[in-house]
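Novice: So I've got this file, upload25.cif, and it contains mmCIF, C-alpha atoms:
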data_model
loop_
_atom_site.group_PDB
_atom_site.id
_atom_site.type_symbol
_atom_site.label_atom_id
_atom_site.label_comp_id
_atom_site.auth_asym_id
_atom_site.auth_seq_id
_atom_site.Cartn_x
_atom_site.Cartn_y
_atom_site.Cartn_z
ATOM 1 C CA MET A 1 17.899 -11.849 14.750
ATOM 2 C CA GLU A 2 14.450 -10.589 13.972
ATOM 3 C CA SER A 3 12.294 -10.594 17.039
ATOM 4 C CA TYR A 4 9.214 -12.502 16.037
ATOM 5 C CA LYS A 5 6.176 -10.327 15.909
ATOM 6 C CA GLU A 6 2.681 -11.532 16.466
ATOM 7 C CA TYR A 7 0.557 -9.392 14.186
ATOM 8 C CA SER A 8 -3.101 -8.620 14.741
ATOM 9 C CA PRO A 9 -5.342 -9.848 11.900
ATOM 10 C CA ASN A 10 -5.992 -6.151 11.204
ATOM 11 C CA ALA A 11 -2.266 -5.634 10.622
ATOM 12 C CA LEU A 12 -2.137 -8.698 8.381
ATOM 13 C CA VAL A 13 -4.827 -7.071 6.212
ATOM 14 C CA ALA A 14 -2.517 -4.114 5.535
ATOM 15 C CA ILE A 15 0.634 -6.236 5.180
ATOM 16 C CA CYS A 16 -1.094 -8.444 2.599
ATOM 17 C CA SER A 17 -2.719 -5.541 0.729
ATOM 18 C CA ASN A 18 0.712 -3.886 0.549
ATOM 19 C CA LEU A 19 2.138 -7.071 -0.993
ATOM 20 C CA GLN A 20 -0.860 -7.320 -3.331
ATOM 21 C CA LYS A 21 -0.065 -3.825 -4.630
ATOM 22 C CA ALA A 22 3.629 -4.721 -4.954
ATOM 23 C CA CYS A 23 2.676 -7.697 -7.138
ATOM 24 C CA GLU A 24 0.403 -5.496 -9.242
ATOM 25 C CA LYS A 25 3.325 -3.122 -9.837
ATOM 26 C CA GLN A 26 5.467 -6.092 -10.849
ATOM 27 C CA MET A 27 2.724 -7.124 -13.304
ATOM 28 C CA ARG A 28 2.181 -10.370 -11.395
ATOM 29 C CA ALA A 29 -1.589 -10.624 -11.607
ATOM 30 C CA THR A 30 -1.823 -14.221 -10.332
ATOM 31 C CA GLU A 31 0.183 -13.486 -7.192
ATOM 32 C CA ALA A 32 -1.743 -10.234 -6.608
ATOM 33 C CA GLU A 33 -4.997 -12.192 -6.720
ATOM 34 C CA LEU A 34 -3.666 -14.661 -4.111
ATOM 35 C CA TRP A 35 -2.662 -11.841 -1.736
ATOM 36 C CA LYS A 36 -6.131 -10.401 -2.257
ATOM 37 C CA LYS A 37 -7.622 -13.670 -1.024
ATOM 38 C CA LEU A 38 -5.543 -13.364 2.143
ATOM 39 C CA VAL A 39 -6.683 -9.747 2.580
ATOM 40 C CA ALA A 40 -10.313 -10.876 2.300
ATOM 41 C CA TYR A 41 -9.752 -13.642 4.852
ATOM 42 C CA PHE A 42 -8.034 -11.422 7.436
ATOM 43 C CA LEU A 43 -10.798 -8.857 7.042
ATOM 44 C CA THR A 44 -13.339 -11.492 8.093
ATOM 45 C CA VAL A 45 -11.388 -12.330 11.270
ATOM 46 C CA ALA A 46 -10.223 -8.774 12.060
ATOM 47 C CA GLU A 47 -11.161 -7.393 15.442
ATOM 48 C CA GLU A 48 -13.817 -4.696 15.437
ATOM 49 C CA ALA A 49 -13.514 -1.455 17.377
ATOM 50 C CA GLU A 50 -15.578 -1.168 20.569
ATOM 51 C CA ASN A 51 -17.692 1.997 20.616
ATOM 52 C CA PRO A 52 -15.939 3.698 17.718
ATOM 53 C CA THR A 53 -16.121 7.504 17.806
ATOM 54 C CA LEU A 54 -14.431 10.287 15.888
ATOM 55 C CA SER A 55 -13.061 11.686 19.137
ATOM 56 C CA SER A 56 -11.351 8.390 20.053
ATOM 57 C CA LEU A 57 -9.872 8.399 16.559
ATOM 58 C CA ASN A 58 -8.605 11.907 17.201
ATOM 59 C CA SER A 59 -6.813 10.850 20.384
ATOM 60 C CA TYR A 60 -4.831 8.173 18.486
ATOM 61 C CA ILE A 61 -3.998 10.714 15.801
ATOM 62 C CA VAL A 62 -2.653 13.157 18.393
ATOM 63 C CA ASP A 63 -0.620 10.413 20.062
ATOM 64 C CA ASP A 64 0.944 9.359 16.744
ATOM 65 C CA ILE A 65 1.868 12.942 15.905
ATOM 66 C CA GLU A 66 3.299 13.708 19.334
ATOM 67 C CA ASN A 67 4.982 10.403 20.126
ATOM 68 C CA SER A 68 5.165 7.564 17.603
ATOM 69 C CA TYR A 69 6.399 9.519 14.593
ATOM 70 C CA THR A 70 8.990 11.380 16.639
ATOM 71 C CA LYS A 71 10.324 8.082 17.933
ATOM 72 C CA VAL A 72 10.642 6.397 14.532
ATOM 73 C CA ALA A 73 12.094 9.537 12.950
ATOM 74 C CA ALA A 74 14.781 9.833 15.651
ATOM 75 C CA LEU A 75 15.796 6.190 15.179
ATOM 76 C CA ALA A 76 15.781 6.555 11.398
ATOM 77 C CA GLU A 77 17.899 9.680 11.594
ATOM 78 C CA ALA A 78 20.440 8.041 13.903
ATOM 79 C CA GLU A 79 20.759 5.116 11.484
ATOM 80 C CA ASP A 80 20.711 7.312 8.362
ATOM 81 C CA ASP A 81 17.785 5.181 7.182
ATOM 82 C CA ARG A 82 16.335 7.569 4.621
ATOM 83 C CA GLY A 83 13.575 5.194 3.539
ATOM 84 C CA SER A 84 12.117 5.131 7.038
ATOM 85 C CA LEU A 85 12.614 8.897 7.263
ATOM 86 C CA ARG A 86 10.628 9.303 4.045
ATOM 87 C CA CYS A 87 7.870 7.093 5.476
ATOM 88 C CA THR A 88 7.672 9.075 8.712
ATOM 89 C CA THR A 89 7.928 12.472 7.006
ATOM 90 C CA TRP A 90 4.983 11.731 4.723
ATOM 91 C CA GLY A 91 3.131 9.841 7.433
ATOM 92 C CA LYS A 92 3.364 12.608 10.014
ATOM 93 C CA LYS A 93 2.147 15.197 7.498
ATOM 94 C CA VAL A 94 -0.758 12.982 6.439
ATOM 95 C CA THR A 95 -1.678 12.364 10.078
ATOM 96 C CA ALA A 96 -1.651 16.137 10.722
ATOM 97 C CA ILE A 97 -4.011 16.511 7.731
ATOM 98 C CA GLN A 98 -6.303 13.845 9.234
ATOM 99 C CA LYS A 99 -6.371 15.889 12.438
ATOM 100 C CA SER A 100 -7.304 19.082 10.599
ATOM 101 C CA VAL A 101 -9.956 17.270 8.514
ATOM 102 C CA LEU A 102 -11.516 15.992 11.753
ATOM 103 C CA ALA A 103 -11.364 19.468 13.339
ATOM 104 C CA ARG A 104 -13.061 21.078 10.326
ATOM 105 C CA TYR A 105 -15.694 18.346 10.276
ATOM 106 C CA GLU A 106 -16.354 18.775 13.977
ATOM 107 C CA LYS A 107 -16.922 22.490 13.468
ATOM 108 C CA GLN A 108 -18.988 22.384 10.269
ATOM 109 C CA GLY A 109 -20.491 18.892 10.275
ATOM 110 C CA GLY A 110 -22.155 17.691 7.085
ATOM 111 C CA ALA A 111 -22.087 21.242 5.641
ATOM 112 C CA LEU A 112 -18.359 20.757 5.053
ATOM 113 C CA LEU A 113 -19.092 18.171 2.382
ATOM 114 C CA GLU A 114 -22.132 19.759 0.764
ATOM 115 C CA GLU A 115 -20.241 21.378 -2.082
ATOM 116 C CA SER A 116 -16.988 19.462 -1.748
ATOM 117 C CA ASN A 117 -15.835 15.905 -2.232
ATOM 118 C CA LEU A 118 -13.287 13.876 -0.328
ATOM 119 C CA TYR A 119 -10.279 12.618 -2.283
ATOM 120 C CA VAL A 120 -7.607 10.322 -0.881
ATOM 121 C CA CYS A 121 -4.121 10.042 -2.373
ATOM 122 C CA GLU A 122 -3.467 6.336 -2.967
ATOM 123 C CA ALA A 123 0.271 6.906 -2.730
ATOM 124 C CA CYS A 124 0.538 8.562 0.698
ATOM 125 C CA GLY A 125 -2.964 8.759 2.259
ATOM 126 C CA PHE A 126 -3.378 12.551 2.007
ATOM 127 C CA ILE A 127 -7.043 13.634 2.251
ATOM 128 C CA ALA A 128 -8.309 16.568 0.176
ATOM 129 C CA ILE A 129 -11.643 18.315 0.756
ATOM 130 C CA SER A 130 -12.256 19.917 -2.592
ATOM 131 C CA GLY A 131 -14.743 20.602 -5.373
ATOM 132 C CA LYS A 132 -12.487 18.888 -7.853
ATOM 133 C CA VAL A 133 -9.724 16.319 -7.820
ATOM 134 C CA PRO A 134 -6.288 17.770 -6.923
ATOM 135 C CA GLU A 135 -3.741 18.145 -9.721
ATOM 136 C CA LEU A 136 -0.864 17.200 -7.480
ATOM 137 C CA CYS A 137 -0.623 15.707 -4.015
ATOM 138 C CA PRO A 138 0.885 18.424 -1.788
ATOM 139 C CA ILE A 139 2.638 15.807 0.326
ATOM 140 C CA CYS A 140 4.044 13.191 -2.060
ATOM 141 C CA LYS A 141 3.527 14.980 -5.421
ATOM 142 C CA ALA A 142 1.527 12.097 -6.924
ATOM 143 C CA PRO A 143 -0.604 13.145 -9.933
ATOM 144 C CA THR A 144 -4.403 13.290 -10.318
ATOM 145 C CA SER A 145 -4.578 9.663 -11.446
ATOM 146 C CA ARG A 146 -3.499 8.479 -7.983
ATOM 147 C CA PHE A 147 -6.469 10.092 -6.204
ATOM 148 C CA SER A 148 -9.578 8.122 -5.223
ATOM 149 C CA LYS A 149 -12.877 9.892 -4.746
ATOM 150 C CA ILE A 150 -14.824 8.791 -1.672
ATOM 151 C CA ALA A 151 -18.360 7.854 -2.723
ATOM 152 C CA MET B 1 12.924 -9.045 -17.850
ATOM 153 C CA HIS B 2 10.009 -8.306 -20.160
ATOM 154 C CA ALA B 3 8.328 -5.205 -21.512
ATOM 155 C CA ALA B 4 5.002 -3.772 -20.314
ATOM 156 C CA ARG B 5 2.941 -0.870 -21.579
ATOM 157 C CA ASN B 6 1.389 1.951 -19.557
ATOM 158 C CA ILE B 7 -1.770 2.411 -21.553
ATOM 159 C CA ALA B 8 -2.456 5.826 -19.980
ATOM 160 C CA LEU B 9 0.764 7.209 -21.496
ATOM 161 C CA CYS B 10 0.619 5.413 -24.870
ATOM 162 C CA THR B 11 -0.093 7.850 -27.739
ATOM 163 C CA LYS B 12 -0.740 5.021 -30.255
ATOM 164 C CA ASP B 13 2.089 5.944 -32.600
ATOM 165 C CA CYS B 14 2.693 2.199 -32.705
ATOM 166 C CA VAL B 15 6.453 2.429 -33.287
ATOM 167 C CA CYS B 16 6.739 -0.623 -31.027
ATOM 168 C CA LEU B 17 5.086 -2.675 -33.758
ATOM 169 C CA PHE B 18 7.872 -1.683 -36.176
ATOM 170 C CA VAL B 19 10.731 -2.636 -33.890
ATOM 171 C CA CYS B 20 9.478 -5.736 -32.080
ATOM 172 C CA PRO B 21 11.111 -8.778 -33.709
ATOM 173 C CA THR B 22 8.467 -11.225 -32.450
ATOM 174 C CA GLY B 23 5.191 -9.292 -32.669
ATOM 175 C CA ALA B 24 4.814 -9.351 -28.874
ATOM 176 C CA THR B 25 3.707 -5.701 -28.798
ATOM 177 C CA ASP B 26 0.826 -6.210 -31.255
ATOM 178 C CA THR B 27 -2.118 -7.550 -29.266
ATOM 179 C CA GLU B 28 -5.845 -6.900 -29.079
ATOM 180 C CA THR B 29 -5.714 -6.157 -25.345
ATOM 181 C CA GLY B 30 -3.074 -3.402 -25.523
ATOM 182 C CA GLN B 31 -0.834 -5.443 -23.226
ATOM 183 C CA ILE B 32 2.466 -6.924 -24.378
ATOM 184 C CA ASP B 33 2.431 -10.690 -24.858
ATOM 185 C CA VAL B 34 5.018 -11.884 -22.311
ATOM 186 C CA THR B 35 5.202 -15.328 -23.887
ATOM 187 C CA LYS B 36 6.596 -13.748 -27.073
ATOM 188 C CA CYS B 37 8.621 -10.954 -25.435
ATOM 189 C CA ILE B 38 12.413 -11.527 -25.596
ATOM 190 C CA ASP B 39 14.124 -11.367 -22.192
ATOM 191 C CA GLY B 40 15.843 -7.978 -21.798
ATOM 192 C CA CYS B 41 15.511 -6.996 -25.502
ATOM 193 C CA ARG B 42 14.121 -3.484 -24.784
ATOM 194 C CA LEU B 43 13.937 -2.377 -28.453
ATOM 195 C CA CYS B 44 10.342 -1.184 -27.925
ATOM 196 C CA VAL B 45 11.258 0.569 -24.654
ATOM 197 C CA ASP B 46 13.889 2.693 -26.398
ATOM 198 C CA ALA B 47 11.821 3.276 -29.548
ATOM 199 C CA CYS B 48 8.553 4.348 -27.909
ATOM 200 C CA PRO B 49 8.074 8.096 -28.539
ATOM 201 C CA SER B 50 5.662 8.461 -25.608
ATOM 202 C CA HIS B 51 7.825 6.609 -23.030
ATOM 203 C CA ALA B 52 4.900 4.315 -22.356
ATOM 204 C CA ILE B 53 6.841 1.035 -22.323
ATOM 205 C CA PHE B 54 9.016 -0.113 -19.470
ATOM 206 C CA LEU B 55 10.830 -3.269 -18.420
ATOM 207 C CA VAL B 56 9.497 -5.462 -15.631
ATOM 208 C CA TYR B 57 12.112 -7.338 -13.652
ATOM 209 C CA ASP B 58 11.781 -10.994 -12.742
ATOM 210 C CA ASN B 59 14.484 -11.068 -10.088
ATOM 211 C CA TYR B 60 14.847 -8.609 -7.256
ATOM 212 C CA ALA B 61 17.864 -8.285 -4.960
ATOM 213 C CA GLU B 62 17.326 -9.005 -1.274
ATOM 214 C CA LYS B 63 17.048 -5.739 0.681
ATOM 215 C CA LYS B 64 19.697 -4.802 3.211
ATOM 216 C CA ALA B 65 18.447 -5.751 6.685
ATOM 217 C CA LYS B 66 17.070 -2.817 8.647
ATOM 218 C CA ASN B 67 17.830 -1.959 12.230
ATOM 219 C CA PRO B 68 15.513 -4.149 14.395
ATOM 220 C CA HIS B 69 14.573 -1.152 16.584
ATOM 221 C CA ILE B 70 13.320 0.703 13.524
ATOM 222 C CA ILE B 71 11.370 -2.356 12.391
ATOM 223 C CA ASN B 72 9.773 -2.657 15.844
ATOM 224 C CA ALA B 73 8.889 1.045 15.911
ATOM 225 C CA LEU B 74 7.397 0.824 12.408
ATOM 226 C CA THR B 75 5.409 -2.241 13.483
ATOM 227 C CA THR B 76 4.013 -0.335 16.470
ATOM 228 C CA LEU B 77 3.028 2.471 14.116
ATOM 229 C CA LEU B 78 1.488 -0.058 11.694
ATOM 230 C CA GLU B 79 -0.662 -1.511 14.490
ATOM 231 C CA SER B 80 -1.744 1.999 15.515
ATOM 232 C CA LYS B 81 -2.772 2.856 11.942
ATOM 233 C CA VAL B 82 -4.768 -0.344 11.449
ATOM 234 C CA HIS B 83 -6.473 0.226 14.782
ATOM 235 C CA GLN B 84 -7.490 3.687 13.558
ATOM 236 C CA GLU B 85 -8.613 2.154 10.271
ATOM 237 C CA THR B 86 -10.775 -0.245 12.295
ATOM 238 C CA ILE B 87 -12.351 2.598 14.309
ATOM 239 C CA ALA B 88 -13.043 4.508 11.084
ATOM 240 C CA ARG B 89 -14.512 1.411 9.447
ATOM 241 C CA GLY B 90 -16.795 1.006 12.445
ATOM 242 C CA LEU B 91 -18.191 4.472 11.683
ATOM 243 C CA SER B 92 -18.495 4.036 7.943
ATOM 244 C CA SER B 93 -22.201 3.218 7.873
ATOM 245 C CA GLY B 94 -23.525 5.928 10.199
ATOM 246 C CA GLU B 95 -24.057 9.661 9.746
ATOM 247 C CA ASP B 96 -20.308 10.278 9.572
ATOM 248 C CA ALA B 97 -19.924 7.635 6.856
ATOM 249 C CA LYS B 98 -18.142 9.760 4.282
ATOM 250 C CA ILE B 99 -15.503 11.235 6.521
ATOM 251 C CA ALA B 100 -15.026 7.828 8.157
ATOM 252 C CA LYS B 101 -14.469 6.111 4.792
ATOM 253 C CA ALA B 102 -11.828 8.675 3.836
ATOM 254 C CA LEU B 103 -10.063 8.201 7.173
ATOM 255 C CA ALA B 104 -10.233 4.404 6.885
ATOM 256 C CA LEU B 105 -8.603 4.486 3.441
ATOM 257 C CA SER B 106 -6.022 7.057 4.495
ATOM 258 C CA ASN B 107 -5.057 4.930 7.498
ATOM 259 C CA ARG B 108 -4.831 1.784 5.388
ATOM 260 C CA ILE B 109 -2.387 3.521 3.064
ATOM 261 C CA LEU B 110 -0.324 4.752 6.030
ATOM 262 C CA ALA B 111 -0.311 1.219 7.467
ATOM 263 C CA GLU B 112 0.759 -0.274 4.134
ATOM 264 C CA ASP B 113 3.625 2.187 3.966
ATOM 265 C CA CYS B 114 4.818 1.075 7.428
ATOM 266 C CA ALA B 115 4.666 -2.553 6.270
ATOM 267 C CA ARG B 116 6.572 -1.674 3.112
ATOM 268 C CA GLU B 117 9.313 0.312 4.865
ATOM 269 C CA GLY B 118 9.574 -2.277 7.612
ATOM 270 C CA LEU B 119 9.867 -5.859 6.433
ATOM 271 C CA TYR B 120 7.616 -6.265 3.442
ATOM 272 C CA MET B 121 8.759 -4.121 0.542
ATOM 273 C CA LEU B 122 9.197 -7.028 -1.848
ATOM 274 C CA PRO B 123 6.995 -10.084 -2.268
ATOM 275 C CA GLN B 124 10.252 -11.937 -3.053
ATOM 276 C CA ASN B 125 11.995 -10.839 0.178
ATOM 277 C CA ARG B 126 13.126 -13.377 2.751
ATOM 278 C CA SER B 127 10.894 -11.760 5.394
ATOM 279 C CA THR B 128 7.818 -12.147 3.166
ATOM 280 C CA ARG B 129 8.686 -15.813 2.733
ATOM 281 C CA GLU B 130 9.028 -16.198 6.506
ATOM 282 C CA LEU B 131 5.629 -14.579 6.960
ATOM 283 C CA LEU B 132 4.059 -16.985 4.462
ATOM 284 C CA LEU B 133 5.691 -19.957 6.183
ATOM 285 C CA SER B 134 4.390 -18.847 9.580
ATOM 286 C CA LEU B 135 0.907 -18.366 8.100
ATOM 287 C CA LYS B 136 1.100 -21.836 6.605
ATOM 288 C CA GLU B 137 2.024 -23.299 9.968
ATOM 289 C CA LYS B 138 -0.797 -21.510 11.778
ATOM 290 C CA GLY B 139 -3.305 -21.735 8.956
ATOM 291 C CA THR B 140 -5.374 -24.532 10.359
ATOM 292 C CA LYS B 141 -8.494 -22.482 11.059
ATOM 293 C CA LYS B 142 -11.658 -23.044 9.094
ATOM 294 C CA ASP B 143 -11.941 -20.900 5.933
ATOM 295 C CA PHE B 144 -8.251 -19.965 5.976
ATOM 296 C CA PRO B 145 -7.065 -19.901 2.345
ATOM 297 C CA LEU B 146 -4.114 -22.253 2.880
ATOM 298 C CA ASP B 147 -4.004 -22.987 -0.846
ATOM 299 C CA ALA B 148 -3.313 -19.295 -1.566
ATOM 300 C CA VAL B 149 -0.376 -19.332 0.876
ATOM 301 C CA GLU B 150 1.029 -22.509 -0.673
ATOM 302 C CA GLN B 151 0.698 -21.138 -4.196
ATOM 303 C CA LEU B 152 2.442 -17.904 -3.182
ATOM 304 C CA LEU B 153 5.308 -19.915 -1.666
ATOM 305 C CA ASP B 154 5.604 -21.745 -4.997
ATOM 306 C CA LEU B 155 5.369 -18.682 -7.209
ATOM 307 C CA LEU B 156 7.493 -16.137 -5.347
#
Go ahead and render the structure in this file as structure tokens.
Specialist:
Amino acid sequence: MESYKEYSPNALVAICSNLQKACEKQMRATEAELWKKLVAYFLTVAEEAENPTLSSLNSYIVDDIENSYTKVAALAEAEDDRGSLRCTTWGKKVTAIQKSVLARYEKQGGALLEESNLYVCEACGFIAISGKVPELCPICKAPTSRFSKIA
Amino acid sequence: MHAARNIALCTKDCVCLFVCPTGATDTETGQIDVTKCIDGCRLCVDACPSHAIFLVYDNYAEKKAKNPHIINALTTLLESKVHQETIARGLSSGEDAKIAKALALSNRILAEDCAREGLYMLPQNRSTRELLLSLKEKGTKKDFPLDAVEQLLDLL
């Protein structure tokens, strides 16, 4: 039934790191370590971006917001698939935050980060530009402990 | 089903030591000794005043199959997110390094969520097994950690 999908090595990185985290949550340290090995391997063979720029990144962000999320959300709604709806609701909000982070950075450049740090929510991907770590993720409500500071 | 402790919540009242019939909760690492823990006993889980102990399941039910159109759409989104992660990673050593690193991580988390909602929520799922089998079949390239794939097929 399932149409076989040929994943890019870049996608396999994320699929395997997702399963690594799932094993960590199940307290299966050995299995998590094995998934981590696969993540490391796929990272070495992953394709690199040609001429990466922040503006090309922005165009993908806009396309996801305007097209991809709307498509998945409509399908999920029709099927009453609330898990996929949850994924697209959070994802679309996070992507909109990415867009606004890029817009602010474009305007202010490095000055934006002079007195602020970047924090990423490990649960949903939300990015905060702030002097201190957020107490609660505004998108998924994860607590402070789920935020990673970008060095 | 065995008990595990969230050390960040534990207030060290040590009531678990009183109730555990085998001494599994009393260890120098702060983790519960799974070799001593009695399957499904949960005395420590119910006794803990700080709600720091929980049960970890060994068996997980197979998820209901999702609509293939949704899976395909989530896969498209997954590929888009990892492509954006790749662009951001390509910028993570230049002058925009900090913002690029944040965007790379954010996109990875979004991509992982698409993988999780699509086919790969559980390591024990049939679709995860099929993925491992296909990797095993194709894993003939130099440096591919075939042993890791084989061990995962054994363990999960």
Novice: Do you know which residues are at most 8 Å from Ser130 (chain A) counting only C-alpha atoms, after dropping those on the same chain fewer than 3 positions away, and could you put them as a PyMOL selection string?
Specialist: chain A and resi 116-119+133-134
Novice: Please evaluate the PyMOL selection byres ((chain A and resi 136) around 12) against the structure above and give the resulting residues as a ChimeraX atom specification.
Specialist: /A:119-121,123-124,126,128,132-135,137-147
Novice: How would the residues just chosen look if you wrote them out with C-alpha atoms as a CSV table (one decimal), in the frame of the given file?
Specialist:
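Produced file result_0.csv, reproduced below:
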chain,number,residue,atom,x,y,z
A,119,TYR,CA,-10.3,12.6,-2.3
A,120,VAL,CA,-7.6,10.3,-0.9
A,121,CYS,CA,-4.1,10.0,-2.4
A,123,ALA,CA,0.3,6.9,-2.7
A,124,CYS,CA,0.5,8.6,0.7
A,126,PHE,CA,-3.4,12.6,2.0
A,128,ALA,CA,-8.3,16.6,0.2
A,132,LYS,CA,-12.5,18.9,-7.9
A,133,VAL,CA,-9.7,16.3,-7.8
A,134,PRO,CA,-6.3,17.8,-6.9
A,135,GLU,CA,-3.7,18.1,-9.7
A,137,CYS,CA,-0.6,15.7,-4.0
A,138,PRO,CA,0.9,18.4,-1.8
A,139,ILE,CA,2.6,15.8,0.3
A,140,CYS,CA,4.0,13.2,-2.1
A,141,LYS,CA,3.5,15.0,-5.4
A,142,ALA,CA,1.5,12.1,-6.9
A,143,PRO,CA,-0.6,13.1,-9.9
A,144,THR,CA,-4.4,13.3,-10.3
A,145,SER,CA,-4.6,9.7,-11.4
A,146,ARG,CA,-3.5,8.5,-8.0
A,147,PHE,CA,-6.5,10.1,-6.2
Novice: If you apply the PyMOL selection byres ((chain A and resi 43-53) around 7) to this file, what residues do you get, as a list in words?
Specialist: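 Those residues are Pro9, Asn10, Val13, Val39, Ala40, Tyr41, Phe42, Leu54, Ser55, Ser56 and Leu57 of chain A; Thr86, Ile87, Gly90 and Leu91 of chain B.
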Novice: Can you turn the PyMOL selection byres ((chain A and resi 26-36) around 10) into a concrete residue list for this file, as number ranges by chain?
Specialist: A: 13, 15-25, 37-42; B: 4, 55-58, 122-123, 145, 147-153, 155-156
Novice: Could you check which of A:Lys99, A:Ser148, A:Gly91, A:Arg104 is closest to Cys114 (chain B), using all atoms listed in the file?
Specialist: A:Gly91
Novice: Could you check the closest approach to chain A for each of B:Leu77, B:Ile53, B:Leu133, B:Ala104 and tell me which residue wins, using only C-alpha atoms?
Specialist: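 Ranked by minimum distance to chain A, first place goes to B:Leu77.
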Novice: Choose the residue, out of B:Ser93, B:Asn107, B:Asn125, B:Ser134, that has the smallest atom-to-atom separation from Asp64 (chain A); count all atoms listed in the file.
Specialist: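 Smallest separation from Asp64 (chain A) among the options: B:Asn107.
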Novice: I'd like the interatomic distance between CA of Leu78 (chain B) and CA of Lys138 (chain B), to a tenth of an Å.
Specialist: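 Calculated distance between CA of Leu78 (chain B) and CA of Lys138 (chain B) is 21.6 Å.
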Novice: Mind giving me the straight-line distance from CA of Tyr105 (chain A) to CA of Ile99 (chain B) in Å, one decimal?
Specialist: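 Taking CA of Tyr105 (chain A) and CA of Ile99 (chain B), their separation equals 8.0 Å.
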Novice: Using all atoms listed in the file, which residues sit within 12 Å of Ile38 (chain B) once same-chain residues fewer than 6 positions away are excluded, as a list in words?
Specialist: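 These residues fall inside the cut-off: Met1, His2, Ala3, Ala4, Cys20, Pro21, Thr22, Gly23, Ala24, Thr25, Ile32, Cys44 and Leu55 of chain B.
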Novice: Between A:Asn58, A:Ala11, A:Ala111, A:Leu85, which residue has the minimum interatomic distance to chain B, considering all atoms listed in the file?
Specialist: A:Ala11
Novice: Using only C-alpha atoms, can you tell me which of A:Ile129, A:Val62, A:Glu115, A:Cys87 comes closest to chain B?
Specialist: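 Distance minimum relative to chain B lands on A:Cys87.
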Novice: Residues within 8 Å of region 70-72 of chain A, please, as number ranges by chain. Count all atoms listed in the file; anything in the same chain fewer than 6 positions from it doesn't count.
Specialist: A: 84-85, 88; B: 70, 73-74
Novice: One number please: CA of Ile71 (chain B) to CA of Ala88 (chain B), in Å, one decimal.
Specialist: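 Taking CA of Ile71 (chain B) as the start and CA of Ala88 (chain B) as the end point, the length is 25.4 Å.
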Novice: Select, from B:Glu117, B:Asp96, B:Glu130, B:Glu137, the residue with the minimum atom-to-atom distance to Leu102 (chain A), counting only C-alpha atoms.
Specialist: B:Asp96
Novice: Find the residues around Ala8 (chain B) up to 12 Å (all atoms listed in the file counted), leave out those fewer than 4 positions away in its own chain, and share them as a list in words.
Specialist: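 Contacts, with the query itself left out: Ser145 of chain A; Lys12, Gly30, Gln31, Ser50, His51, Ala52 and Ile53 of chain B.
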Novice: Using all atoms listed in the file, give me every residue within 10 Å of (11.4, -7.3, 8.0) in file coordinates, as a list in words.
Specialist: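 Residues lying no farther than 10 Å from the given point: Glu2, Ser3, Tyr4 and Lys5 of chain A; Lys63, Lys64, Ala65, Lys66, Asn67, Pro68, Ile70, Ile71, Asn72, Thr75, Ala115, Arg116, Glu117, Gly118, Leu119, Tyr120, Met121, Asn125, Arg126, Ser127, Thr128, Glu130 and Leu131 of chain B.
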